[in-house]
$ cat upload_38.cif   # mmCIF, N, CA and C atoms
data_run
loop_
_atom_site.label_atom_id
_atom_site.label_comp_id
_atom_site.auth_asym_id
_atom_site.auth_seq_id
_atom_site.Cartn_x
_atom_site.Cartn_y
_atom_site.Cartn_z
N HIS A 1 50.48 -69.76 -58.40
CA HIS A 1 49.24 -70.45 -58.66
C HIS A 1 48.40 -69.64 -59.64
N VAL A 2 47.41 -70.29 -60.23
CA VAL A 2 46.58 -69.64 -61.24
C VAL A 2 45.55 -68.73 -60.56
N GLN A 3 45.43 -67.55 -61.13
CA GLN A 3 44.46 -66.61 -60.61
C GLN A 3 43.75 -65.92 -61.77
N LEU A 4 42.43 -65.89 -61.71
CA LEU A 4 41.61 -65.17 -62.69
C LEU A 4 40.78 -64.16 -61.93
N VAL A 5 40.88 -62.91 -62.32
CA VAL A 5 40.18 -61.85 -61.60
C VAL A 5 39.33 -61.06 -62.58
N GLU A 6 38.01 -61.14 -62.40
CA GLU A 6 37.10 -60.42 -63.28
C GLU A 6 36.80 -59.03 -62.73
N SER A 7 36.45 -58.14 -63.63
CA SER A 7 36.01 -56.81 -63.25
C SER A 7 35.15 -56.25 -64.37
N GLY A 8 34.44 -55.18 -64.08
CA GLY A 8 33.68 -54.48 -65.12
C GLY A 8 32.18 -54.66 -65.08
N GLY A 9 31.69 -55.50 -64.17
CA GLY A 9 30.25 -55.68 -64.09
C GLY A 9 29.55 -54.44 -63.56
N GLY A 10 28.23 -54.46 -63.62
CA GLY A 10 27.48 -53.33 -63.10
C GLY A 10 26.04 -53.37 -63.54
N LEU A 11 25.37 -52.25 -63.32
CA LEU A 11 23.96 -52.09 -63.68
C LEU A 11 23.87 -51.25 -64.95
N VAL A 12 23.11 -51.73 -65.92
CA VAL A 12 22.98 -51.02 -67.19
C VAL A 12 21.56 -51.19 -67.69
N GLN A 13 21.09 -50.21 -68.44
CA GLN A 13 19.76 -50.31 -69.02
C GLN A 13 19.77 -51.20 -70.25
N ALA A 14 18.63 -51.77 -70.55
CA ALA A 14 18.50 -52.58 -71.76
C ALA A 14 18.94 -51.77 -72.98
N GLY A 15 19.69 -52.44 -73.84
CA GLY A 15 20.24 -51.78 -75.01
C GLY A 15 21.62 -51.20 -74.79
N GLY A 16 22.04 -51.16 -73.55
CA GLY A 16 23.34 -50.60 -73.21
C GLY A 16 24.48 -51.59 -73.39
N SER A 17 25.67 -51.14 -72.98
CA SER A 17 26.89 -51.94 -73.17
C SER A 17 27.71 -51.97 -71.89
N LEU A 18 28.50 -53.00 -71.77
CA LEU A 18 29.49 -53.12 -70.71
C LEU A 18 30.69 -53.86 -71.28
N ARG A 19 31.85 -53.66 -70.65
CA ARG A 19 33.02 -54.46 -70.99
C ARG A 19 33.56 -55.11 -69.72
N LEU A 20 33.61 -56.41 -69.76
CA LEU A 20 34.17 -57.18 -68.65
C LEU A 20 35.63 -57.50 -68.95
N SER A 21 36.43 -57.55 -67.90
CA SER A 21 37.85 -57.91 -68.04
C SER A 21 38.15 -59.10 -67.14
N CYS A 22 39.09 -59.90 -67.58
CA CYS A 22 39.57 -61.03 -66.79
C CYS A 22 41.10 -61.01 -66.83
N ALA A 23 41.69 -60.62 -65.74
CA ALA A 23 43.15 -60.59 -65.64
C ALA A 23 43.64 -61.95 -65.16
N ALA A 24 44.50 -62.56 -65.95
CA ALA A 24 44.97 -63.91 -65.66
C ALA A 24 46.44 -63.89 -65.24
N SER A 25 46.76 -64.72 -64.28
CA SER A 25 48.15 -64.89 -63.87
C SER A 25 48.39 -66.34 -63.52
N GLY A 26 49.65 -66.73 -63.60
CA GLY A 26 50.01 -68.10 -63.26
C GLY A 26 49.74 -69.11 -64.36
N LEU A 27 49.34 -68.63 -65.55
CA LEU A 27 49.10 -69.53 -66.68
C LEU A 27 50.27 -69.46 -67.65
N THR A 28 50.52 -70.55 -68.32
CA THR A 28 51.53 -70.54 -69.38
C THR A 28 50.94 -70.07 -70.69
N PHE A 29 49.64 -70.11 -70.80
CA PHE A 29 48.84 -69.67 -71.93
C PHE A 29 48.95 -70.55 -73.18
N SER A 30 50.09 -71.21 -73.37
CA SER A 30 50.20 -72.07 -74.52
C SER A 30 49.18 -73.18 -74.43
N GLY A 31 48.35 -73.31 -75.46
CA GLY A 31 47.34 -74.35 -75.45
C GLY A 31 46.12 -74.03 -74.62
N TYR A 32 46.06 -72.81 -74.07
CA TYR A 32 44.92 -72.47 -73.22
C TYR A 32 43.74 -71.95 -74.02
N VAL A 33 42.55 -72.27 -73.52
CA VAL A 33 41.31 -71.67 -73.99
C VAL A 33 40.72 -70.89 -72.82
N MET A 34 40.39 -69.63 -73.08
CA MET A 34 39.78 -68.79 -72.06
C MET A 34 38.30 -68.64 -72.39
N GLY A 35 37.46 -68.85 -71.40
CA GLY A 35 36.04 -68.79 -71.65
C GLY A 35 35.31 -67.87 -70.68
N TRP A 36 34.13 -67.48 -71.09
CA TRP A 36 33.21 -66.76 -70.22
C TRP A 36 31.95 -67.60 -70.06
N PHE A 37 31.49 -67.70 -68.84
CA PHE A 37 30.24 -68.36 -68.52
C PHE A 37 29.38 -67.37 -67.74
N ARG A 38 28.10 -67.67 -67.62
CA ARG A 38 27.23 -66.85 -66.79
C ARG A 38 26.24 -67.74 -66.07
N GLN A 39 25.79 -67.21 -64.94
CA GLN A 39 24.83 -67.96 -64.13
C GLN A 39 23.81 -67.00 -63.55
N ALA A 40 22.58 -67.18 -63.98
CA ALA A 40 21.47 -66.38 -63.46
C ALA A 40 20.92 -67.07 -62.21
N PRO A 41 20.26 -66.31 -61.34
CA PRO A 41 19.71 -66.91 -60.11
C PRO A 41 18.79 -68.09 -60.42
N GLY A 42 19.05 -69.19 -59.76
CA GLY A 42 18.21 -70.37 -59.93
C GLY A 42 18.46 -71.16 -61.19
N LYS A 43 19.46 -70.76 -61.95
CA LYS A 43 19.74 -71.46 -63.21
C LYS A 43 21.15 -72.04 -63.20
N ALA A 44 21.37 -72.96 -64.10
CA ALA A 44 22.69 -73.58 -64.23
C ALA A 44 23.66 -72.61 -64.90
N ARG A 45 24.93 -72.83 -64.65
CA ARG A 45 25.96 -72.02 -65.30
C ARG A 45 25.99 -72.39 -66.78
N GLU A 46 26.01 -71.37 -67.63
CA GLU A 46 25.96 -71.63 -69.07
C GLU A 46 27.13 -70.97 -69.79
N PHE A 47 27.55 -71.61 -70.85
CA PHE A 47 28.63 -71.12 -71.70
C PHE A 47 28.20 -69.87 -72.45
N VAL A 48 29.09 -68.89 -72.51
CA VAL A 48 28.85 -67.67 -73.27
C VAL A 48 29.74 -67.65 -74.51
N ASP A 49 31.03 -67.70 -74.29
CA ASP A 49 31.96 -67.72 -75.43
C ASP A 49 33.34 -68.10 -74.94
N ALA A 50 34.24 -68.32 -75.90
CA ALA A 50 35.60 -68.73 -75.57
C ALA A 50 36.54 -68.28 -76.67
N ILE A 51 37.83 -68.20 -76.31
CA ILE A 51 38.86 -67.79 -77.25
C ILE A 51 40.11 -68.63 -77.02
N ARG A 52 40.73 -69.05 -78.09
CA ARG A 52 42.02 -69.75 -77.99
C ARG A 52 43.11 -68.71 -77.85
N TRP A 53 43.91 -68.85 -76.79
CA TRP A 53 44.89 -67.82 -76.54
C TRP A 53 45.91 -67.71 -77.67
N SER A 54 46.32 -68.84 -78.23
CA SER A 54 47.41 -68.83 -79.21
C SER A 54 46.98 -68.28 -80.56
N THR A 55 45.74 -68.59 -80.99
CA THR A 55 45.32 -68.21 -82.34
C THR A 55 44.32 -67.07 -82.37
N GLY A 56 43.63 -66.87 -81.25
CA GLY A 56 42.58 -65.87 -81.23
C GLY A 56 41.26 -66.33 -81.81
N SER A 57 41.17 -67.58 -82.19
CA SER A 57 39.90 -68.07 -82.73
C SER A 57 38.87 -68.13 -81.61
N THR A 58 37.61 -67.96 -81.98
CA THR A 58 36.55 -67.80 -80.99
C THR A 58 35.37 -68.72 -81.25
N ASN A 59 34.58 -68.90 -80.22
CA ASN A 59 33.36 -69.70 -80.29
C ASN A 59 32.31 -69.02 -79.42
N TYR A 60 31.09 -68.88 -79.93
CA TYR A 60 30.04 -68.16 -79.22
C TYR A 60 28.79 -69.01 -79.05
N ALA A 61 28.10 -68.82 -77.94
CA ALA A 61 26.77 -69.38 -77.78
C ALA A 61 25.82 -68.64 -78.72
N ASP A 62 24.84 -69.34 -79.24
CA ASP A 62 23.90 -68.72 -80.18
C ASP A 62 23.19 -67.52 -79.57
N SER A 63 22.96 -67.57 -78.28
CA SER A 63 22.19 -66.51 -77.62
C SER A 63 22.92 -65.17 -77.57
N VAL A 64 24.24 -65.18 -77.80
CA VAL A 64 24.99 -63.93 -77.71
C VAL A 64 25.67 -63.55 -79.03
N LYS A 65 25.58 -64.38 -80.03
CA LYS A 65 26.22 -64.08 -81.31
C LYS A 65 25.72 -62.76 -81.86
N GLY A 66 26.66 -61.95 -82.31
CA GLY A 66 26.31 -60.65 -82.87
C GLY A 66 26.17 -59.56 -81.84
N ARG A 67 26.14 -59.91 -80.55
CA ARG A 67 26.01 -58.91 -79.48
C ARG A 67 27.24 -58.86 -78.59
N PHE A 68 27.83 -60.01 -78.32
CA PHE A 68 28.99 -60.08 -77.43
C PHE A 68 30.24 -60.37 -78.25
N THR A 69 31.36 -59.86 -77.79
CA THR A 69 32.64 -60.12 -78.45
C THR A 69 33.70 -60.43 -77.40
N ILE A 70 34.39 -61.54 -77.59
CA ILE A 70 35.50 -61.90 -76.71
C ILE A 70 36.80 -61.55 -77.42
N SER A 71 37.76 -61.06 -76.65
CA SER A 71 39.06 -60.73 -77.21
C SER A 71 40.11 -60.91 -76.13
N ARG A 72 41.38 -60.85 -76.54
CA ARG A 72 42.44 -60.94 -75.53
C ARG A 72 43.57 -59.99 -75.87
N ASP A 73 44.26 -59.60 -74.81
CA ASP A 73 45.44 -58.75 -74.94
C ASP A 73 46.61 -59.54 -74.39
N ASN A 74 47.45 -60.02 -75.29
CA ASN A 74 48.56 -60.88 -74.88
C ASN A 74 49.51 -60.17 -73.92
N ALA A 75 49.76 -58.91 -74.19
CA ALA A 75 50.72 -58.17 -73.37
C ALA A 75 50.22 -57.98 -71.94
N LYS A 76 48.92 -57.89 -71.78
CA LYS A 76 48.34 -57.66 -70.45
C LYS A 76 47.81 -58.92 -69.81
N ASN A 77 47.92 -60.05 -70.51
CA ASN A 77 47.38 -61.32 -70.00
C ASN A 77 45.93 -61.15 -69.56
N THR A 78 45.17 -60.49 -70.39
CA THR A 78 43.80 -60.16 -70.05
C THR A 78 42.86 -60.55 -71.18
N VAL A 79 41.72 -61.08 -70.78
CA VAL A 79 40.66 -61.41 -71.71
C VAL A 79 39.49 -60.45 -71.47
N TYR A 80 38.88 -60.03 -72.54
CA TYR A 80 37.77 -59.08 -72.44
C TYR A 80 36.49 -59.69 -72.99
N LEU A 81 35.39 -59.24 -72.45
CA LEU A 81 34.09 -59.59 -73.00
C LEU A 81 33.31 -58.29 -73.18
N GLN A 82 33.11 -57.90 -74.44
CA GLN A 82 32.32 -56.72 -74.76
C GLN A 82 30.88 -57.14 -74.91
N LEU A 83 30.01 -56.56 -74.10
CA LEU A 83 28.60 -56.89 -74.13
C LEU A 83 27.83 -55.70 -74.70
N ASN A 84 27.23 -55.89 -75.85
CA ASN A 84 26.43 -54.84 -76.49
C ASN A 84 24.97 -55.28 -76.61
N SER A 85 24.11 -54.30 -76.82
CA SER A 85 22.67 -54.58 -77.00
C SER A 85 22.15 -55.47 -75.90
N LEU A 86 22.48 -55.12 -74.67
CA LEU A 86 22.13 -55.97 -73.54
C LEU A 86 20.63 -56.06 -73.34
N LYS A 87 20.21 -57.22 -72.89
CA LYS A 87 18.80 -57.52 -72.63
C LYS A 87 18.64 -57.90 -71.17
N PRO A 88 17.45 -57.74 -70.62
CA PRO A 88 17.25 -58.15 -69.22
C PRO A 88 17.62 -59.61 -68.98
N GLU A 89 17.43 -60.45 -69.97
CA GLU A 89 17.77 -61.87 -69.79
C GLU A 89 19.26 -62.13 -69.77
N ASP A 90 20.07 -61.11 -70.02
CA ASP A 90 21.52 -61.25 -69.88
C ASP A 90 21.97 -61.06 -68.43
N THR A 91 21.04 -60.68 -67.57
CA THR A 91 21.36 -60.49 -66.15
C THR A 91 21.87 -61.80 -65.54
N ALA A 92 23.06 -61.74 -64.96
CA ALA A 92 23.67 -62.94 -64.39
C ALA A 92 25.01 -62.56 -63.76
N ASP A 93 25.57 -63.51 -63.02
CA ASP A 93 26.97 -63.42 -62.63
C ASP A 93 27.80 -63.99 -63.77
N TYR A 94 28.80 -63.25 -64.19
CA TYR A 94 29.65 -63.66 -65.30
C TYR A 94 31.00 -64.13 -64.76
N TYR A 95 31.42 -65.30 -65.22
CA TYR A 95 32.64 -65.91 -64.74
C TYR A 95 33.63 -66.12 -65.89
N CYS A 96 34.87 -65.84 -65.58
CA CYS A 96 35.98 -66.15 -66.49
C CYS A 96 36.51 -67.53 -66.13
N ALA A 97 36.88 -68.30 -67.13
CA ALA A 97 37.39 -69.64 -66.89
C ALA A 97 38.53 -69.95 -67.84
N ALA A 98 39.39 -70.86 -67.44
CA ALA A 98 40.52 -71.26 -68.27
C ALA A 98 40.58 -72.77 -68.37
N ARG A 99 40.78 -73.22 -69.59
CA ARG A 99 41.01 -74.65 -69.86
C ARG A 99 42.38 -74.70 -70.49
N GLY A 100 43.30 -75.44 -69.85
CA GLY A 100 44.65 -75.25 -70.32
C GLY A 100 45.48 -76.48 -70.54
N GLY A 101 46.65 -76.22 -71.11
CA GLY A 101 47.68 -77.22 -71.25
C GLY A 101 47.40 -78.30 -72.26
N ARG A 102 46.57 -78.03 -73.25
CA ARG A 102 46.21 -79.04 -74.25
C ARG A 102 46.35 -78.45 -75.66
N PRO A 103 47.56 -78.17 -76.08
CA PRO A 103 47.75 -77.46 -77.35
C PRO A 103 47.31 -78.23 -78.57
N TYR A 104 47.15 -79.56 -78.45
CA TYR A 104 46.75 -80.36 -79.60
C TYR A 104 45.27 -80.68 -79.62
N ASP A 105 44.55 -80.12 -78.67
CA ASP A 105 43.12 -80.34 -78.59
C ASP A 105 42.41 -79.20 -79.30
N SER A 106 41.80 -79.47 -80.45
CA SER A 106 41.17 -78.42 -81.24
C SER A 106 39.67 -78.32 -81.01
N MET A 107 39.15 -79.13 -80.08
CA MET A 107 37.72 -79.11 -79.82
C MET A 107 37.33 -77.86 -79.03
N TRP A 108 36.08 -77.45 -79.21
CA TRP A 108 35.50 -76.41 -78.37
C TRP A 108 34.63 -77.10 -77.33
N TYR A 109 34.77 -76.69 -76.08
CA TYR A 109 34.00 -77.28 -75.00
C TYR A 109 33.12 -76.23 -74.36
N VAL A 110 31.87 -76.59 -74.11
CA VAL A 110 30.94 -75.62 -73.53
C VAL A 110 30.50 -76.02 -72.13
N GLY A 111 30.89 -77.16 -71.67
CA GLY A 111 30.51 -77.59 -70.33
C GLY A 111 31.44 -77.00 -69.28
N PRO A 112 30.88 -76.46 -68.20
CA PRO A 112 31.72 -75.90 -67.14
C PRO A 112 32.73 -76.90 -66.58
N ASP A 113 32.38 -78.18 -66.59
CA ASP A 113 33.28 -79.19 -66.04
C ASP A 113 34.52 -79.39 -66.89
N ARG A 114 34.54 -78.80 -68.07
CA ARG A 114 35.70 -78.93 -68.97
C ARG A 114 36.76 -77.87 -68.70
N TYR A 115 36.48 -76.97 -67.82
CA TYR A 115 37.40 -75.87 -67.54
C TYR A 115 38.07 -76.09 -66.19
N ASP A 116 39.34 -75.71 -66.12
CA ASP A 116 40.18 -76.06 -64.97
C ASP A 116 40.22 -74.98 -63.90
N TYR A 117 40.13 -73.73 -64.31
CA TYR A 117 40.29 -72.63 -63.36
C TYR A 117 39.16 -71.63 -63.54
N TRP A 118 38.78 -71.00 -62.43
CA TRP A 118 37.65 -70.07 -62.44
C TRP A 118 37.98 -68.81 -61.67
N GLY A 119 37.39 -67.70 -62.13
CA GLY A 119 37.43 -66.48 -61.36
C GLY A 119 36.27 -66.44 -60.37
N GLN A 120 36.19 -65.35 -59.64
CA GLN A 120 35.18 -65.23 -58.59
C GLN A 120 33.85 -64.71 -59.12
N GLY A 121 33.85 -64.18 -60.32
CA GLY A 121 32.62 -63.70 -60.93
C GLY A 121 32.41 -62.21 -60.78
N THR A 122 31.67 -61.65 -61.71
CA THR A 122 31.28 -60.24 -61.63
C THR A 122 29.82 -60.14 -62.07
N GLN A 123 29.06 -59.33 -61.37
CA GLN A 123 27.62 -59.29 -61.57
C GLN A 123 27.25 -58.29 -62.67
N VAL A 124 26.38 -58.73 -63.55
CA VAL A 124 25.82 -57.86 -64.59
C VAL A 124 24.31 -57.83 -64.42
N THR A 125 23.76 -56.65 -64.26
CA THR A 125 22.32 -56.50 -64.12
C THR A 125 21.82 -55.56 -65.21
N VAL A 126 20.84 -56.04 -65.98
CA VAL A 126 20.28 -55.26 -67.08
C VAL A 126 18.84 -54.93 -66.74
N SER A 127 18.54 -53.66 -66.61
CA SER A 127 17.18 -53.25 -66.27
C SER A 127 16.37 -52.98 -67.54
N SER A 128 15.08 -53.24 -67.44
CA SER A 128 14.21 -53.07 -68.62
C SER A 128 13.64 -51.66 -68.69
#
$ encode --input "upload_38.cif" --output "structure tokens"
Amino acid sequence: HVQLVESGGGLVQAGGSLRLSCAASGLTFSGYVMGWFRQAPGKAREFVDAIRWSTGSTNYADSVKGRFTISRDNAKNTVYLQLNSLKPEDTADYYCAARGGRPYDSMWYVGPDRYDYWGQGTQVTVSS
């Protein structure tokens, strides 16, 4: 079965950096898009960024462009999210998600309902 396991969250001061990891198993990866979402207390889950597993092409939310970077390691079946220049408003639970099995679908989707599998989340807290 599909399993996504996030790690790397923690407490960091504003301006600091963290790297989140998402170890994936049970996926065929062909045609998959791996995404990161976040959810702050009392707010809806929001799209952060995504990467196409096959090509490495990426899509970012405007709020994180230039600060966050998504990447993947094919050999380790792992997706990374590098968070730089963190701000207190980046505080949230960060979730890894997979949308899969659609190799001919070139659209980027930002709605959580468009993703098929989810990890359990990892908490990121940015202090001011």
$ resolve_selection --input "upload_38.cif" --expression "the PyMOL selection byres (((chain A and resi 78 and name CA) around 6) and name CA)" --output "list in words"
Cys22, Ala23, Ala24, Arg72, Asp73, Lys76, Asn77 and Val79 of chain A
$ write_last_selection --input "upload_38.cif" --atoms "N, CA and C atoms" --output "compact mmCIF listing (two decimals), in the coordinates of the input"
# COMPACT_ATOMS: atom_id res chain seq x y z
N CYS A 22 39.09 -59.90 -67.58
CA CYS A 22 39.57 -61.03 -66.79
C CYS A 22 41.10 -61.01 -66.83
N ALA A 23 41.69 -60.62 -65.74
CA ALA A 23 43.15 -60.59 -65.64
C ALA A 23 43.64 -61.95 -65.16
N ALA A 24 44.50 -62.56 -65.95
CA ALA A 24 44.97 -63.91 -65.66
C ALA A 24 46.44 -63.89 -65.24
N ARG A 72 41.38 -60.85 -76.54
CA ARG A 72 42.44 -60.94 -75.53
C ARG A 72 43.57 -59.99 -75.87
N ASP A 73 44.26 -59.60 -74.81
CA ASP A 73 45.44 -58.75 -74.94
C ASP A 73 46.61 -59.54 -74.39
N LYS A 76 48.92 -57.89 -71.78
CA LYS A 76 48.34 -57.66 -70.45
C LYS A 76 47.81 -58.92 -69.81
N ASN A 77 47.92 -60.05 -70.51
CA ASN A 77 47.38 -61.32 -70.00
C ASN A 77 45.93 -61.15 -69.56
N VAL A 79 41.72 -61.08 -70.78
CA VAL A 79 40.66 -61.41 -71.71
C VAL A 79 39.49 -60.45 -71.47
$ residues_around --input "upload_38.cif" --residues "A:Pro41" --least-positions-apart "6" --cutoff "7 Å" --atoms "all atoms listed in the file" --output "ChimeraX atom specification"
/A:91-93
$ residues_around --input "upload_38.cif" --residues "stretch 103-114 of chain A" --least-positions-apart "4" --cutoff "12 Å" --atoms "only C-alpha atoms" --output "PyMOL selection string"
chain A and resi 28-39+44-55+57-62+95-99+118
$ atom_distance --input "upload_38.cif" --atom1 "atom CA of A:Thr125" --atom2 "atom CA of A:Gly16"
10.9 Å
$ closest_residue --input "upload_38.cif" --among "A:Ser127, A:Gln13, A:Ser21, A:Gln3" --to "A:Leu81" --atoms "only N, CA and C atoms"
A:Ser21
$ decode --input "upload_38.cif" --residues "stretch 87-108 of chain A" --atoms "N, CA, C and O atoms" --output "PDB file, in the first residue's frame"
ATOM      1  N   LYS A  87       9.522  32.662   7.946  1.00  0.00           N
ATOM      2  CA  LYS A  87       8.784  33.733   8.597  1.00  0.00           C
ATOM      3  C   LYS A  87       7.812  33.119   9.601  1.00  0.00           C
ATOM      4  O   LYS A  87       7.392  31.975   9.432  1.00  0.00           O
ATOM      5  N   PRO A  88       7.414  33.881  10.605  1.00  0.00           N
ATOM      6  CA  PRO A  88       6.430  33.334  11.565  1.00  0.00           C
ATOM      7  C   PRO A  88       5.157  32.846  10.879  1.00  0.00           C
ATOM      8  O   PRO A  88       4.555  31.862  11.327  1.00  0.00           O
ATOM      9  N   GLU A  89       4.774  33.481   9.797  1.00  0.00           N
ATOM     10  CA  GLU A  89       3.549  33.056   9.099  1.00  0.00           C
ATOM     11  C   GLU A  89       3.717  31.743   8.353  1.00  0.00           C
ATOM     12  O   GLU A  89       2.741  31.207   7.813  1.00  0.00           O
ATOM     13  N   ASP A  90       4.929  31.208   8.309  1.00  0.00           N
ATOM     14  CA  ASP A  90       5.139  29.878   7.731  1.00  0.00           C
ATOM     15  C   ASP A  90       4.840  28.768   8.738  1.00  0.00           C
ATOM     16  O   ASP A  90       4.867  27.579   8.388  1.00  0.00           O
ATOM     17  N   THR A  91       4.570  29.151   9.976  1.00  0.00           N
ATOM     18  CA  THR A  91       4.249  28.168  11.012  1.00  0.00           C
ATOM     19  C   THR A  91       2.996  27.378  10.629  1.00  0.00           C
ATOM     20  O   THR A  91       1.953  27.960  10.337  1.00  0.00           O
ATOM     21  N   ALA A  92       3.131  26.058  10.596  1.00  0.00           N
ATOM     22  CA  ALA A  92       2.020  25.200  10.185  1.00  0.00           C
ATOM     23  C   ALA A  92       2.455  23.745  10.280  1.00  0.00           C
ATOM     24  O   ALA A  92       3.632  23.441  10.462  1.00  0.00           O
ATOM     25  N   ASP A  93       1.474  22.860  10.139  1.00  0.00           N
ATOM     26  CA  ASP A  93       1.772  21.456   9.886  1.00  0.00           C
ATOM     27  C   ASP A  93       1.959  21.298   8.385  1.00  0.00           C
ATOM     28  O   ASP A  93       1.118  21.760   7.605  1.00  0.00           O
ATOM     29  N   TYR A  94       3.044  20.665   7.997  1.00  0.00           N
ATOM     30  CA  TYR A  94       3.362  20.476   6.589  1.00  0.00           C
ATOM     31  C   TYR A  94       3.094  19.028   6.196  1.00  0.00           C
ATOM     32  O   TYR A  94       3.556  18.104   6.885  1.00  0.00           O
ATOM     33  N   TYR A  95       2.374  18.860   5.098  1.00  0.00           N
ATOM     34  CA  TYR A  95       1.968  17.540   4.641  1.00  0.00           C
ATOM     35  C   TYR A  95       2.515  17.253   3.245  1.00  0.00           C
ATOM     36  O   TYR A  95       2.461  18.114   2.359  1.00  0.00           O
ATOM     37  N   CYS A  96       2.973  16.038   3.084  1.00  0.00           N
ATOM     38  CA  CYS A  96       3.368  15.533   1.773  1.00  0.00           C
ATOM     39  C   CYS A  96       2.160  14.844   1.148  1.00  0.00           C
ATOM     40  O   CYS A  96       1.395  14.176   1.853  1.00  0.00           O
ATOM     41  N   ALA A  97       1.987  15.006  -0.146  1.00  0.00           N
ATOM     42  CA  ALA A  97       0.852  14.398  -0.834  1.00  0.00           C
ATOM     43  C   ALA A  97       1.282  13.886  -2.197  1.00  0.00           C
ATOM     44  O   ALA A  97       2.249  14.385  -2.779  1.00  0.00           O
ATOM     45  N   ALA A  98       0.545  12.910  -2.698  1.00  0.00           N
ATOM     46  CA  ALA A  98       0.838  12.341  -4.012  1.00  0.00           C
ATOM     47  C   ALA A  98      -0.427  12.293  -4.843  1.00  0.00           C
ATOM     48  O   ALA A  98      -1.484  11.883  -4.370  1.00  0.00           O
ATOM     49  N   ARG A  99      -0.271  12.724  -6.078  1.00  0.00           N
ATOM     50  CA  ARG A  99      -1.349  12.613  -7.067  1.00  0.00           C
ATOM     51  C   ARG A  99      -0.775  11.743  -8.163  1.00  0.00           C
ATOM     52  O   ARG A  99       0.250  12.097  -8.762  1.00  0.00           O
ATOM     53  N   GLY A 100      -1.432  10.606  -8.431  1.00  0.00           N
ATOM     54  CA  GLY A 100      -0.716   9.683  -9.266  1.00  0.00           C
ATOM     55  C   GLY A 100      -1.476   9.037 -10.387  1.00  0.00           C
ATOM     56  O   GLY A 100      -2.682   9.178 -10.519  1.00  0.00           O
ATOM     57  N   GLY A 101      -0.698   8.322 -11.200  1.00  0.00           N
ATOM     58  CA  GLY A 101      -1.235   7.468 -12.232  1.00  0.00           C
ATOM     59  C   GLY A 101      -1.856   8.189 -13.406  1.00  0.00           C
ATOM     60  O   GLY A 101      -2.697   7.621 -14.100  1.00  0.00           O
ATOM     61  N   ARG A 102      -1.436   9.410 -13.672  1.00  0.00           N
ATOM     62  CA  ARG A 102      -2.012  10.192 -14.776  1.00  0.00           C
ATOM     63  C   ARG A 102      -0.893  10.795 -15.621  1.00  0.00           C
ATOM     64  O   ARG A 102      -0.725  12.026 -15.664  1.00  0.00           O
ATOM     65  N   PRO A 103      -0.151   9.977 -16.325  1.00  0.00           N
ATOM     66  CA  PRO A 103       1.036  10.469 -17.031  1.00  0.00           C
ATOM     67  C   PRO A 103       0.733  11.446 -18.152  1.00  0.00           C
ATOM     68  O   PRO A 103       1.616  12.168 -18.587  1.00  0.00           O
ATOM     69  N   TYR A 104      -0.516  11.479 -18.627  1.00  0.00           N
ATOM     70  CA  TYR A 104      -0.855  12.378 -19.728  1.00  0.00           C
ATOM     71  C   TYR A 104      -1.529  13.652 -19.260  1.00  0.00           C
ATOM     72  O   TYR A 104      -1.962  14.467 -20.069  1.00  0.00           O
ATOM     73  N   ASP A 105      -1.616  13.814 -17.964  1.00  0.00           N
ATOM     74  CA  ASP A 105      -2.230  15.005 -17.399  1.00  0.00           C
ATOM     75  C   ASP A 105      -1.135  16.014 -17.083  1.00  0.00           C
ATOM     76  O   ASP A 105      -0.356  15.821 -16.167  1.00  0.00           O
ATOM     77  N   SER A 106      -1.070  17.106 -17.826  1.00  0.00           N
ATOM     78  CA  SER A 106       0.004  18.083 -17.654  1.00  0.00           C
ATOM     79  C   SER A 106      -0.414  19.267 -16.791  1.00  0.00           C
ATOM     80  O   SER A 106       0.350  20.209 -16.604  1.00  0.00           O
ATOM     81  N   MET A 107      -1.627  19.218 -16.254  1.00  0.00           N
ATOM     82  CA  MET A 107      -2.107  20.324 -15.435  1.00  0.00           C
ATOM     83  C   MET A 107      -1.436  20.303 -14.059  1.00  0.00           C
ATOM     84  O   MET A 107      -1.033  19.244 -13.564  1.00  0.00           O
ATOM     85  N   TRP A 108      -1.345  21.479 -13.462  1.00  0.00           N
ATOM     86  CA  TRP A 108      -0.931  21.595 -12.069  1.00  0.00           C
ATOM     87  C   TRP A 108      -2.189  21.801 -11.235  1.00  0.00           C
ATOM     88  O   TRP A 108      -3.042  22.605 -11.587  1.00  0.00           O
TER      89      TRP A 108
END
